[in-house]
Amino acid sequence: MFTTTASNEIMVHIDQHGGDYRNWYAGITADPRRRLFNEHNVDEKNGQWIFRDAGSNAAARQAEDALHALGCKGGPGGGDGATRFVYAYRITPTTIE
């Protein structure tokens with residue numbers, strides 16, 4: 001499995017917050033704050049979340065694929081050419097996948 005700096009940093013974060021990738025959602029976006037807090041309804045202050053700039057669309061997609069291979073929920077094919085951020089959050093009863 002190919003990993004990027006962005007996916008490595010997110011994996012460390014998940015490992016530090018329970019480590020069960022099946023309880024996390026990972027995706028890619030051009031606007032991580034909008035996607036996390038408005039669309040997925042992640043609690044910005046109390047939720048467990050992370051996003052990283054992967055540097056390019058291709059790197060973001062590789063990072064997303066690596067996180068899904070580890071068990072994170074989500075699916076490939078999102079975003080557009082401007083997508084370069086990869087994000088993850090712990091799924092809770094109030095988040096929207």
# chains A, B, ... in the order shown; residues from 1 in each chain; ligands from 1

$ select_by_dssp --residues "region 16-85 of chain A" --states "strand (DSSP E)" --output "list in words"
Trp24, Tyr25, Ala26, Gly27, Ile28, Thr29, Trp49, Ile50, Phe51, Arg52, Asp53 and Phe85 of chain A

$ residues_around --residues "region 83-91 of chain A" --least-positions-apart "6" --cutoff "6 Å" --atoms "only C-alpha atoms" --output "ChimeraX atom specification"
/A:23-30,48-57,60

$ select_by_dssp --residues "chain A" --states "helix (DSSP H, G or I)" --output "PyMOL selection string"
chain A and resi 5-16+21-23+32-39+57-69

$ residues_around --residues "Ile96 (chain A)" --least-positions-apart "4" --cutoff "9 Å" --atoms "only C-alpha atoms" --output "ChimeraX atom specification"
/A:39-42,91-92

$ write_last_selection --atoms "N, CA and C atoms" --output "short mmCIF file (atom, residue, chain, number, x, y, z; two decimals), in the first residue's frame"
data_model
loop_
_atom_site.label_atom_id
_atom_site.label_comp_id
_atom_site.auth_asym_id
_atom_site.auth_seq_id
_atom_site.Cartn_x
_atom_site.Cartn_y
_atom_site.Cartn_z
N GLU A 39 -21.17 19.81 6.15
CA GLU A 39 -21.78 18.69 5.43
C GLU A 39 -21.78 17.38 6.22
N HIS A 40 -20.71 17.11 6.96
CA HIS A 40 -20.65 15.89 7.77
C HIS A 40 -21.12 16.10 9.20
N ASN A 41 -21.35 17.36 9.58
CA ASN A 41 -21.85 17.70 10.91
C ASN A 41 -20.91 17.27 12.03
N VAL A 42 -19.61 17.34 11.79
CA VAL A 42 -18.61 17.03 12.83
C VAL A 42 -18.58 18.19 13.82
N ILE A 91 -16.64 8.71 13.48
CA ILE A 91 -18.08 8.65 13.27
C ILE A 91 -18.79 8.62 14.62
N THR A 92 -19.80 9.47 14.76
CA THR A 92 -20.61 9.52 15.99
C THR A 92 -22.08 9.47 15.58
#

$ residues_around --residues "Arg22 (chain A)" --least-positions-apart "5" --cutoff "9 Å" --atoms "only C-alpha atoms" --output "PyMOL selection string"
chain A and resi 70-73+91

$ write_last_selection --atoms "N, CA and C atoms" --output "PDB file, in the first residue's frame"
ATOM      1  N   LEU A  70      -7.265   0.624   5.076  1.00  0.00           N
ATOM      2  CA  LEU A  70      -7.085   0.315   6.497  1.00  0.00           C
ATOM      3  C   LEU A  70      -8.409   0.115   7.225  1.00  0.00           C
ATOM      4  N   GLY A  71      -9.523   0.446   6.563  1.00  0.00           N
ATOM      5  CA  GLY A  71     -10.830   0.221   7.165  1.00  0.00           C
ATOM      6  C   GLY A  71     -11.704   1.441   7.324  1.00  0.00           C
ATOM      7  N   CYS A  72     -11.184   2.643   7.024  1.00  0.00           N
ATOM      8  CA  CYS A  72     -12.022   3.836   7.135  1.00  0.00           C
ATOM      9  C   CYS A  72     -13.207   3.731   6.191  1.00  0.00           C
ATOM     10  N   LYS A  73     -14.332   4.246   6.633  1.00  0.00           N
ATOM     11  CA  LYS A  73     -15.516   4.323   5.792  1.00  0.00           C
ATOM     12  C   LYS A  73     -15.311   5.407   4.749  1.00  0.00           C
ATOM     13  N   ILE A  91     -16.644   8.711  13.484  1.00  0.00           N
ATOM     14  CA  ILE A  91     -18.081   8.652  13.267  1.00  0.00           C
ATOM     15  C   ILE A  91     -18.790   8.624  14.623  1.00  0.00           C
TER      16      ILE A  91
END

$ closest_residue --among "A:Ile14, A:Pro93, A:Arg61, A:Glu44" --to "Gly79 (chain A)" --atoms "only C-alpha atoms"
A:Arg61

$ atom_distance --atom1 "CA of Gln62 (chain A)" --atom2 "CA of Arg34 (chain A)"
21.6 Å

$ atom_distance --atom1 "CA of Thr4 (chain A)" --atom2 "CA of Asn46 (chain A)"
27.1 Å

$ atom_distance --atom1 "CA of Ala59 (chain A)" --atom2 "CA of Ile10 (chain A)"
13.6 Å
